[in-house]
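Asker: Got a file for you: structure_37.cif, mmCIF, C-alpha atoms.
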data_structure
#
loop_
_atom_site.label_atom_id
_atom_site.label_comp_id
_atom_site.auth_asym_id
_atom_site.auth_seq_id
_atom_site.Cartn_x
_atom_site.Cartn_y
_atom_site.Cartn_z
CA MET D 1 -21.19 7.02 10.82
CA ARG D 2 -17.55 7.96 10.17
CA GLN D 3 -16.21 5.88 13.03
CA ILE D 4 -18.07 2.82 11.71
CA PHE D 5 -16.17 3.12 8.43
CA THR D 6 -12.90 3.42 10.31
CA LEU D 7 -13.78 0.25 12.22
CA ILE D 8 -14.60 -1.65 8.99
CA ILE D 9 -11.29 -0.60 7.43
CA SER D 10 -9.41 -1.70 10.54
CA LEU D 11 -11.15 -5.09 10.46
CA LEU D 12 -10.32 -5.53 6.79
CA ILE D 13 -6.66 -4.75 7.40
CA ALA D 14 -6.58 -7.18 10.32
CA ASN D 15 -8.18 -9.93 8.25
CA THR D 16 -5.74 -9.37 5.41
CA THR D 17 -2.50 -9.16 7.34
CA VAL D 18 -3.05 -12.51 9.03
CA TYR D 19 -2.13 -14.23 5.80
CA GLY D 20 0.91 -12.10 4.92
CA GLN D 21 3.40 -14.29 3.08
CA SER D 22 6.21 -11.89 2.24
CA SER D 23 7.91 -8.92 3.80
CA GLU D 24 7.00 -6.90 0.70
CA ILE D 25 3.23 -7.31 1.06
CA GLU D 26 3.53 -6.72 4.80
CA LYS D 27 5.11 -3.33 4.03
CA TYR D 28 2.04 -2.41 2.00
CA PHE D 29 -0.28 -3.45 4.83
CA ALA D 30 1.78 -1.46 7.34
CA SER D 31 1.59 1.63 5.12
CA ILE D 32 -2.19 1.25 4.75
CA GLU D 33 -2.62 0.85 8.50
CA ALA D 34 -0.46 3.91 9.20
CA ALA D 35 -2.43 6.04 6.73
CA GLU D 36 -5.73 4.87 8.23
CA ARG D 37 -4.48 5.53 11.76
CA GLU D 38 -3.53 9.07 10.68
CA GLN D 39 -6.97 9.36 9.00
CA ASN D 40 -5.15 10.54 5.88
CA LEU D 41 -7.57 9.74 3.05
CA ALA D 42 -5.23 10.68 0.22
CA LYS D 43 -2.37 8.61 1.56
CA ALA D 44 -4.63 5.63 2.36
CA CYS D 45 -6.09 5.70 -1.15
CA SER D 46 -2.64 5.76 -2.72
CA GLU D 47 -1.36 2.94 -0.49
CA TYR D 48 -4.37 0.72 -1.24
CA LYS D 49 -3.91 1.29 -4.96
CA ALA D 50 -0.22 0.37 -4.78
CA ALA D 51 -0.95 -2.78 -2.73
CA ILE D 52 -3.68 -3.88 -5.15
CA ASN D 53 -1.40 -3.41 -8.15
CA TYR D 54 1.36 -5.37 -6.40
CA CYS D 55 -1.01 -8.28 -5.70
CA ARG D 56 -2.30 -8.28 -9.28
CA GLN D 57 1.27 -8.71 -10.54
CA ASN D 58 2.19 -11.46 -8.05
CA ASN D 59 0.09 -14.62 -8.25
CA GLU D 60 1.14 -15.84 -4.81
CA GLU D 61 -0.33 -12.68 -3.22
CA GLN D 62 -3.66 -12.58 -5.08
CA HIS D 63 -5.55 -14.15 -2.16
CA HIS D 64 -5.28 -10.72 -0.50
CA LEU D 65 -7.08 -8.93 -3.32
CA THR D 66 -10.71 -9.24 -2.18
CA ASN D 67 -10.05 -7.69 1.23
CA LEU D 68 -7.83 -5.01 -0.29
CA LEU D 69 -10.50 -4.14 -2.85
CA LEU D 70 -13.07 -3.86 -0.06
CA GLY D 71 -10.82 -1.56 1.96
CA TYR D 72 -10.04 0.55 -1.10
CA CYS D 73 -13.75 0.84 -1.87
CA ILE D 74 -14.44 2.18 1.62
CA ILE D 75 -11.78 4.86 1.19
CA LEU D 76 -13.10 5.77 -2.28
CA SER D 77 -16.64 6.04 -0.90
CA TYR D 78 -15.43 8.29 1.89
CA ALA D 79 -13.58 10.42 -0.72
CA GLY D 80 -16.73 10.72 -2.86
CA ASP D 81 -15.44 8.79 -5.89
CA TYR D 82 -18.58 6.66 -6.17
CA SER D 83 -18.20 5.35 -9.73
CA LYS D 84 -14.74 3.97 -8.99
CA ALA D 85 -15.96 2.68 -5.60
CA ILE D 86 -18.78 0.73 -7.29
CA ALA D 87 -16.44 -0.73 -9.91
CA THR D 88 -14.01 -1.78 -7.17
CA LEU D 89 -16.80 -3.28 -5.07
CA ASN D 90 -18.18 -5.22 -8.05
CA GLU D 91 -14.75 -6.74 -8.63
CA ALA D 92 -14.54 -7.76 -4.96
CA ALA D 93 -18.01 -9.34 -5.21
CA GLU D 94 -17.09 -11.25 -8.37
CA ARG D 95 -13.88 -12.56 -6.82
CA ASN D 96 -15.74 -13.76 -3.74
CA HIS D 97 -18.50 -15.34 -5.86
CA ARG D 98 -15.92 -17.30 -7.88
CA GLN D 99 -14.66 -19.05 -4.74
CA PRO D 100 -15.75 -22.71 -4.29
CA THR D 101 -17.43 -21.56 -1.06
CA PRO D 102 -18.09 -17.79 -1.07
CA ASP D 103 -17.18 -16.09 2.21
CA LYS D 104 -20.40 -15.01 3.96
CA GLU D 105 -18.61 -12.40 6.06
CA ILE D 106 -17.17 -10.77 2.94
CA GLU D 107 -20.59 -10.94 1.27
CA ALA D 108 -22.10 -9.08 4.23
CA LYS D 109 -19.39 -6.41 4.03
CA ILE D 110 -20.02 -6.01 0.29
CA TYR D 111 -23.75 -5.46 0.87
CA MET D 112 -22.87 -3.04 3.67
CA GLN D 113 -20.65 -1.02 1.38
CA PHE D 114 -23.25 -0.90 -1.38
CA GLY D 115 -25.52 0.52 1.31
CA VAL D 116 -22.93 3.12 2.28
CA ILE D 117 -22.46 4.28 -1.32
CA ASN D 118 -26.22 4.66 -1.76
CA PHE D 119 -26.46 6.47 1.58
CA PHE D 120 -23.82 8.99 0.53
CA GLN D 121 -25.74 9.57 -2.71
CA LYS D 122 -28.95 10.13 -0.71
CA ARG D 123 -30.61 7.02 -2.13
CA PHE D 124 -31.90 6.11 1.29
CA ASP D 125 -34.35 3.34 0.36
CA ASP D 126 -31.64 1.55 -1.64
CA ALA D 127 -29.21 2.01 1.26
CA LEU D 128 -31.76 0.49 3.63
CA PHE D 129 -32.22 -2.50 1.29
CA TYR D 130 -28.49 -3.30 1.30
CA TYR D 131 -28.04 -2.67 5.03
CA ARG D 132 -30.83 -5.13 5.77
CA LYS D 133 -29.27 -7.77 3.51
CA SER D 134 -25.99 -7.30 5.38
CA GLU D 135 -27.80 -7.51 8.72
CA ALA D 136 -29.58 -10.73 7.66
CA ILE D 137 -26.24 -12.41 6.88
CA ALA D 138 -24.77 -11.18 10.19
CA VAL D 139 -27.78 -12.63 12.05
CA SER D 140 -27.47 -15.97 10.21
CA THR D 141 -23.75 -16.20 11.05
CA LYS D 142 -24.31 -14.88 14.62
CA ASN D 143 -21.86 -12.04 14.02
CA LYS D 144 -22.84 -9.54 16.72
CA MET D 145 -20.35 -6.95 15.50
CA GLY D 146 -21.86 -7.13 12.02
CA ILE D 147 -25.38 -6.83 13.46
CA SER D 148 -24.30 -3.81 15.51
CA ILE D 149 -22.80 -2.00 12.51
CA ALA D 150 -25.86 -2.77 10.38
CA LYS D 151 -28.28 -1.48 13.05
CA ASN D 152 -26.27 1.73 13.42
CA ASN D 153 -26.33 2.32 9.67
CA ILE D 154 -30.04 1.43 9.41
CA ALA D 155 -30.68 4.01 12.14
CA ASN D 156 -28.69 6.57 10.10
CA VAL D 157 -31.09 6.00 7.19
CA TYR D 158 -34.21 6.36 9.35
CA GLN D 159 -32.77 9.55 10.81
CA LYS D 160 -32.10 11.01 7.35
CA LYS D 161 -35.65 10.13 6.28
CA GLY D 162 -37.04 11.88 9.35
CA GLU D 163 -38.38 8.63 10.80
CA TYR D 164 -37.02 9.37 14.25
CA ARG D 165 -38.92 6.75 16.25
CA GLN D 166 -37.41 3.94 14.15
CA ALA D 167 -33.99 5.63 14.24
CA ILE D 168 -33.96 5.94 18.03
CA ASP D 169 -35.17 2.35 18.44
CA SER D 170 -32.39 1.06 16.15
CA TYR D 171 -29.71 3.18 17.88
CA ARG D 172 -30.78 1.82 21.29
CA LYS D 173 -30.62 -1.78 20.06
CA CYS D 174 -27.19 -0.98 18.68
CA ILE D 175 -26.05 0.42 22.04
CA LYS D 176 -27.24 -2.73 23.83
CA LEU D 177 -25.18 -4.92 21.48
CA GLN D 178 -22.12 -2.68 21.79
CA GLU D 179 -22.29 -2.79 25.56
CA GLU D 180 -22.44 -6.61 25.41
CA LEU D 181 -19.41 -6.62 23.11
CA GLN D 182 -17.65 -3.95 25.20
CA ASP D 183 -17.11 -2.18 21.89
CA THR D 184 -16.29 1.28 23.22
CA ALA D 185 -15.20 2.72 19.86
CA THR D 186 -18.52 2.17 18.11
CA LEU D 187 -20.45 2.88 21.32
CA ALA D 188 -19.03 6.41 21.38
CA ASN D 189 -20.12 6.83 17.76
CA THR D 190 -23.66 5.62 18.50
CA TYR D 191 -23.99 7.92 21.53
CA PHE D 192 -23.06 10.77 19.20
CA ASN D 193 -25.57 9.67 16.54
CA LEU D 194 -28.36 9.36 19.10
CA GLY D 195 -27.49 12.83 20.39
CA SER D 196 -27.78 14.25 16.88
CA CYS D 197 -31.16 12.53 16.50
CA TYR D 198 -32.52 14.24 19.61
CA GLU D 199 -30.95 17.56 18.55
CA GLU D 200 -32.83 17.38 15.23
CA LEU D 201 -36.01 16.77 17.24
CA SER D 202 -35.14 19.89 19.31
CA ILE D 203 -35.04 17.78 22.48
CA GLN D 204 -31.93 19.65 23.61
CA ASP D 205 -31.48 18.20 27.11
CA ARG D 206 -31.44 14.59 25.85
CA ALA D 207 -29.21 15.58 22.94
CA LYS D 208 -26.77 17.23 25.34
CA ALA D 209 -26.78 14.17 27.62
CA TYR D 210 -25.83 11.83 24.77
CA TYR D 211 -23.21 14.23 23.38
CA LYS D 212 -21.65 14.33 26.85
CA LEU D 213 -21.63 10.52 26.97
CA ALA D 214 -19.99 10.45 23.54
CA TYR D 215 -17.44 13.09 24.59
CA SER D 216 -16.58 11.32 27.86
CA LEU D 217 -16.11 7.92 26.23
CA ALA D 218 -14.20 9.40 23.29
CA HIS D 219 -11.88 11.15 25.75
CA THR D 220 -11.28 7.84 27.56
CA ILE D 221 -10.41 5.90 24.38
CA ASN D 222 -8.68 8.87 22.68
CA ASP D 223 -11.13 9.04 19.78
CA ILE D 224 -10.37 12.62 18.75
CA GLU D 225 -12.88 12.72 15.90
CA ILE D 226 -15.94 11.85 18.01
CA LEU D 227 -14.60 14.02 20.85
CA SER D 228 -14.28 17.06 18.56
CA LEU D 229 -17.64 16.51 16.84
CA SER D 230 -19.37 16.16 20.22
CA LEU D 231 -17.86 19.46 21.33
CA ILE D 232 -19.06 21.18 18.14
CA HIS D 233 -22.64 20.04 18.76
CA LEU D 234 -22.50 20.88 22.46
CA ALA D 235 -21.35 24.36 21.42
CA ASN D 236 -24.31 24.60 19.06
CA ILE D 237 -26.75 23.79 21.88
CA ASP D 238 -25.09 26.34 24.21
CA ALA D 239 -25.25 28.99 21.46
CA LYS D 240 -28.99 28.39 20.97
CA ARG D 241 -29.41 29.12 24.68
CA GLY D 242 -27.38 32.32 24.36
CA GLU D 243 -24.43 30.89 26.29
CA TYR D 244 -21.85 32.15 23.79
CA SER D 245 -18.87 32.09 26.16
CA LYS D 246 -19.40 28.38 26.90
CA ALA D 247 -19.92 27.69 23.20
CA HIS D 248 -16.62 29.37 22.27
CA ASN D 249 -14.80 27.39 24.97
CA MET D 250 -16.20 24.16 23.51
CA LEU D 251 -15.05 25.19 20.03
CA ASP D 252 -11.59 26.14 21.35
CA GLU D 253 -11.13 22.61 22.69
CA ALA D 254 -12.51 21.07 19.48
CA GLU D 255 -10.19 23.21 17.35
CA PHE D 256 -7.14 22.33 19.45
CA SER D 257 -7.92 18.60 19.33
CA ALA D 258 -8.70 18.55 15.59
CA LYS D 259 -5.52 20.48 14.73
CA LYS D 260 -3.37 18.22 16.89
CA ALA D 261 -4.84 15.08 15.27
CA GLY D 262 -4.71 16.51 11.74
CA LEU D 263 -8.49 16.13 11.27
CA ARG D 264 -8.91 18.86 8.69
CA GLN D 265 -12.52 18.09 7.72
CA VAL D 266 -13.50 18.27 11.38
CA LEU D 267 -11.51 21.49 11.72
CA ALA D 268 -13.50 22.94 8.81
CA GLU D 269 -16.68 22.14 10.75
CA VAL D 270 -15.27 23.94 13.80
CA TYR D 271 -14.63 27.04 11.67
CA SER D 272 -18.11 26.82 10.17
CA LYS D 273 -19.74 26.70 13.60
CA ARG D 274 -17.54 29.53 14.92
CA THR D 275 -18.52 31.68 11.93
CA GLN D 276 -22.19 31.11 12.79
CA LEU D 277 -21.55 32.06 16.43
CA TYR D 278 -19.95 35.37 15.48
CA GLU D 279 -22.82 36.10 13.08
CA GLN D 280 -25.39 35.38 15.82
CA LYS D 281 -23.56 37.83 18.10
CA GLY D 282 -23.42 40.44 15.31
CA ASP D 283 -19.60 40.37 15.14
CA TYR D 284 -19.41 40.22 11.34
CA ARG D 285 -15.73 41.22 11.12
CA ALA D 286 -14.70 38.21 13.25
CA ALA D 287 -17.12 35.99 11.31
CA LEU D 288 -15.48 37.05 8.03
CA GLU D 289 -11.98 36.29 9.32
CA VAL D 290 -12.95 32.78 10.42
CA PHE D 291 -14.83 32.25 7.14
CA LYS D 292 -11.65 33.12 5.20
CA GLU D 293 -9.64 30.70 7.32
CA ARG D 294 -12.18 27.96 6.59
CA GLN D 295 -12.03 28.62 2.84
CA LEU D 296 -8.22 28.36 2.86
CA LEU D 297 -8.49 25.04 4.67
CA LEU D 298 -11.09 23.70 2.22
CA ASP D 299 -8.91 24.78 -0.71
CA SER D 300 -5.95 22.86 0.73
CA ILE D 301 -8.15 19.76 1.16
CA LEU D 302 -9.25 20.06 -2.47
CA ASP D 303 -5.62 20.42 -3.59
CA GLU D 304 -4.80 17.21 -1.70
CA LYS D 305 -7.60 15.37 -3.51
CA LEU D 306 -6.32 16.63 -6.88
CA ASN D 307 -2.79 15.51 -5.99
CA LEU D 308 -4.17 12.11 -5.02
CA ARG D 309 -5.90 11.75 -8.38
CA THR D 310 -2.68 12.72 -10.17
CA LYS D 311 -0.74 10.06 -8.23
CA GLU D 312 -3.40 7.46 -9.04
CA LEU D 313 -3.17 8.26 -12.75
CA GLN D 314 0.62 7.95 -12.57
CA ILE D 315 0.33 4.55 -10.85
CA GLU D 316 -2.23 3.39 -13.44
CA HIS D 317 0.07 4.52 -16.25
CA ARG D 318 3.07 2.70 -14.76
CA THR D 319 0.94 -0.41 -14.22
CA LYS D 320 -0.25 -0.42 -17.84
CA GLU D 321 3.34 0.04 -19.05
CA LYS D 322 4.47 -2.91 -16.93
CA GLU D 323 1.56 -5.05 -18.17
CA GLN D 324 2.53 -4.22 -21.76
CA GLN D 325 6.15 -5.14 -21.04
CA ILE D 326 5.07 -8.47 -19.53
CA ALA D 327 2.79 -9.18 -22.50
CA LEU D 328 5.62 -8.38 -24.94
CA GLN D 329 8.01 -10.60 -22.98
CA ASN D 330 5.47 -13.44 -23.07
CA VAL D 331 5.16 -13.06 -26.86
CA LYS D 332 8.95 -13.22 -27.18
CA ILE D 333 9.07 -16.35 -25.02
CA LYS D 334 6.33 -18.00 -27.10
CA ASN D 335 8.13 -17.13 -30.35
CA ARG D 336 11.40 -18.45 -28.95
CA ASN D 337 9.69 -21.68 -27.91
CA ARG D 338 8.13 -22.08 -31.36
CA LEU D 339 11.54 -21.55 -32.98
CA LEU D 340 13.09 -24.08 -30.62
CA ILE D 341 10.40 -26.65 -31.52
CA ILE D 342 11.00 -26.07 -35.23
CA VAL D 343 14.77 -26.46 -34.82
CA MET D 344 14.35 -29.64 -32.75
CA THR D 345 11.91 -31.04 -35.32
CA VAL D 346 14.39 -30.38 -38.14
CA LEU D 347 17.24 -31.94 -36.17
CA ILE D 348 15.19 -35.02 -35.30
CA ALA D 349 14.06 -35.37 -38.92
CA GLY D 350 17.70 -35.11 -40.05
CA ILE D 351 18.72 -37.84 -37.65
#
The structure given in the file should be rewritten as structure tokens.

Answerer:
Amino acid sequence: MRQIFTLIISLLIANTTVYGQSSEIEKYFASIEAAEREQNLAKACSEYKAAINYCRQNNEEQHHLTNLLLGYCIILSYAGDYSKAIATLNEAAERNHRQPTPDKEIEAKIYMQFGVINFFQKRFDDALFYYRKSEAIAVSTKNKMGISIAKNNIANVYQKKGEYRQAIDSYRKCIKLQEELQDTATLANTYFNLGSCYEELSIQDRAKAYYKLAYSLAHTINDIEILSLSLIHLANIDAKRGEYSKAHNMLDEAEFSAKKAGLRQVLAEVYSKRTQLYEQKGDYRAALEVFKERQLLLDSILDEKLNLRTKELQIEHRTKEKEQQIALQNVKIKNRNRLLIIVMTVLIAGI
């Protein structure tokens, strides 16, 4: 599912930058795109917030706000800040609804994101409701990419609910669409998801086949996240078969790739799986060392999130100060205009 969110963010950035009017707003978009490319959540969140505040303060740039709010909401959802994500998404929905002709594509993305937020909060029936509304709009507008994303996310819900037949059916329909679209990025993601579905069903050979497909395609398109996650799950299957040497080799490659790409959450998963491997082999000393390394990494990720929240509060404080200054300046202008009218009235009366 992660790669789907990355795709949505990329599409939102692309849609927004088309209409860039000034070099200043283009700088914000470039910073957002760079942060997303680096998969740096904290930086992306900060850059979105800064861009949104800039557009709020500049009337000529406010047409960018809906797409920016959508992108920001996706990042917030990924970061686990659901209350702020919902508030941001509601604002995006209201802005779109106020348009003379609401944008159907944006409406579909809004429903999709409501589904994502509910999915993350394990409200699977609610998530399914919103995903289906998004899919219905995509079908009505003949947006195959939108249909593909919706079917993938619907399959995620079925998988979480343990309804594997429906999940597999939806994943396969998704794959067919992605092959038609030649959408290799999301195809790699769906191969991975289908592999995890079969792994949960303990159909290891099929799971391994789909993980290998995901790994191979991810290697071709340089999708390090799916590549690393596929290796982790392939290692898990090898470990269950007692092939510990092969499993460790898989994890070595996953660790190297995740470190090189700066994918710290994925790296934490590598450490978690390696800890389990050492425990299964009875090497508790090695397991403890890797466990400590994982805890240090998780602590640093938490520190980054706290730093992000501090930066957001600072931006909000500066924004409020600027809004107060603008309001005060407007009051001064109004008072000056009133005084000017009074003076002119007196002068005219005197004449």

Asker: Run the PyMOL selection byres ((chain D and resi 74) around 8) mentally over the shown coordinates, then write out the matched residues as an NGL selection string, using the chain letters and numbers from the document.

Answerer: :D and (5 or 9 or 70-73 or 75-78 or 85 or 113)

Asker: Could you give me, as a ChimeraX atom specification, the residues within 7 Å of D:Leu128, counting all atoms listed in the file and dropping anything in the same chain fewer than 5 positions from it?

Answerer: /D:115,154,157

Asker: Would you mind reading off the distance between atom CA of D:Ala34 and atom CA of D:Ala51, one decimal, in Å?

Answerer: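 It comes out at 13.7 Å.
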
Asker: Could you tell me which of D:Arg294, D:Lys176, D:Arg285, D:Lys246 comes closest to D:Leu231 if we count all atoms listed in the file?

Answerer: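 So, comparing all the options, the nearest one is D:Lys246.
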
Asker: Suppose a student applies the PyMOL selection byres ((chain D and resi 290-293) around 12) to this structure; what residues should they get, written as a PDB file with C-alpha atoms, in the coordinates of the input?

Answerer:
ATOM      1  CA  ARG D 264      -8.910  18.860   8.690  1.00  0.00           C
ATOM      2  CA  LEU D 267     -11.510  21.490  11.720  1.00  0.00           C
ATOM      3  CA  ALA D 268     -13.500  22.940   8.810  1.00  0.00           C
ATOM      4  CA  GLU D 269     -16.680  22.140  10.750  1.00  0.00           C
ATOM      5  CA  VAL D 270     -15.270  23.940  13.800  1.00  0.00           C
ATOM      6  CA  TYR D 271     -14.630  27.040  11.670  1.00  0.00           C
ATOM      7  CA  SER D 272     -18.110  26.820  10.170  1.00  0.00           C
ATOM      8  CA  LYS D 273     -19.740  26.700  13.600  1.00  0.00           C
ATOM      9  CA  ARG D 274     -17.540  29.530  14.920  1.00  0.00           C
ATOM     10  CA  THR D 275     -18.520  31.680  11.930  1.00  0.00           C
ATOM     11  CA  GLN D 276     -22.190  31.110  12.790  1.00  0.00           C
ATOM     12  CA  LEU D 277     -21.550  32.060  16.430  1.00  0.00           C
ATOM     13  CA  TYR D 278     -19.950  35.370  15.480  1.00  0.00           C
ATOM     14  CA  GLU D 279     -22.820  36.100  13.080  1.00  0.00           C
ATOM     15  CA  ASP D 283     -19.600  40.370  15.140  1.00  0.00           C
ATOM     16  CA  TYR D 284     -19.410  40.220  11.340  1.00  0.00           C
ATOM     17  CA  ARG D 285     -15.730  41.220  11.120  1.00  0.00           C
ATOM     18  CA  ALA D 286     -14.700  38.210  13.250  1.00  0.00           C
ATOM     19  CA  ALA D 287     -17.120  35.990  11.310  1.00  0.00           C
ATOM     20  CA  LEU D 288     -15.480  37.050   8.030  1.00  0.00           C
ATOM     21  CA  GLU D 289     -11.980  36.290   9.320  1.00  0.00           C
ATOM     22  CA  ARG D 294     -12.180  27.960   6.590  1.00  0.00           C
ATOM     23  CA  GLN D 295     -12.030  28.620   2.840  1.00  0.00           C
ATOM     24  CA  LEU D 296      -8.220  28.360   2.860  1.00  0.00           C
ATOM     25  CA  LEU D 297      -8.490  25.040   4.670  1.00  0.00           C
ATOM     26  CA  LEU D 298     -11.090  23.700   2.220  1.00  0.00           C
ATOM     27  CA  ASP D 299      -8.910  24.780  -0.710  1.00  0.00           C
ATOM     28  CA  SER D 300      -5.950  22.860   0.730  1.00  0.00           C
TER      29      SER D 300
END

Asker: Tell me which of D:Lys49, D:Gln121, D:Thr66, D:Asn152 sits closest to D:Ser170, counting only C-alpha atoms.

Answerer: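 So, comparing all the options, the nearest one is D:Asn152.
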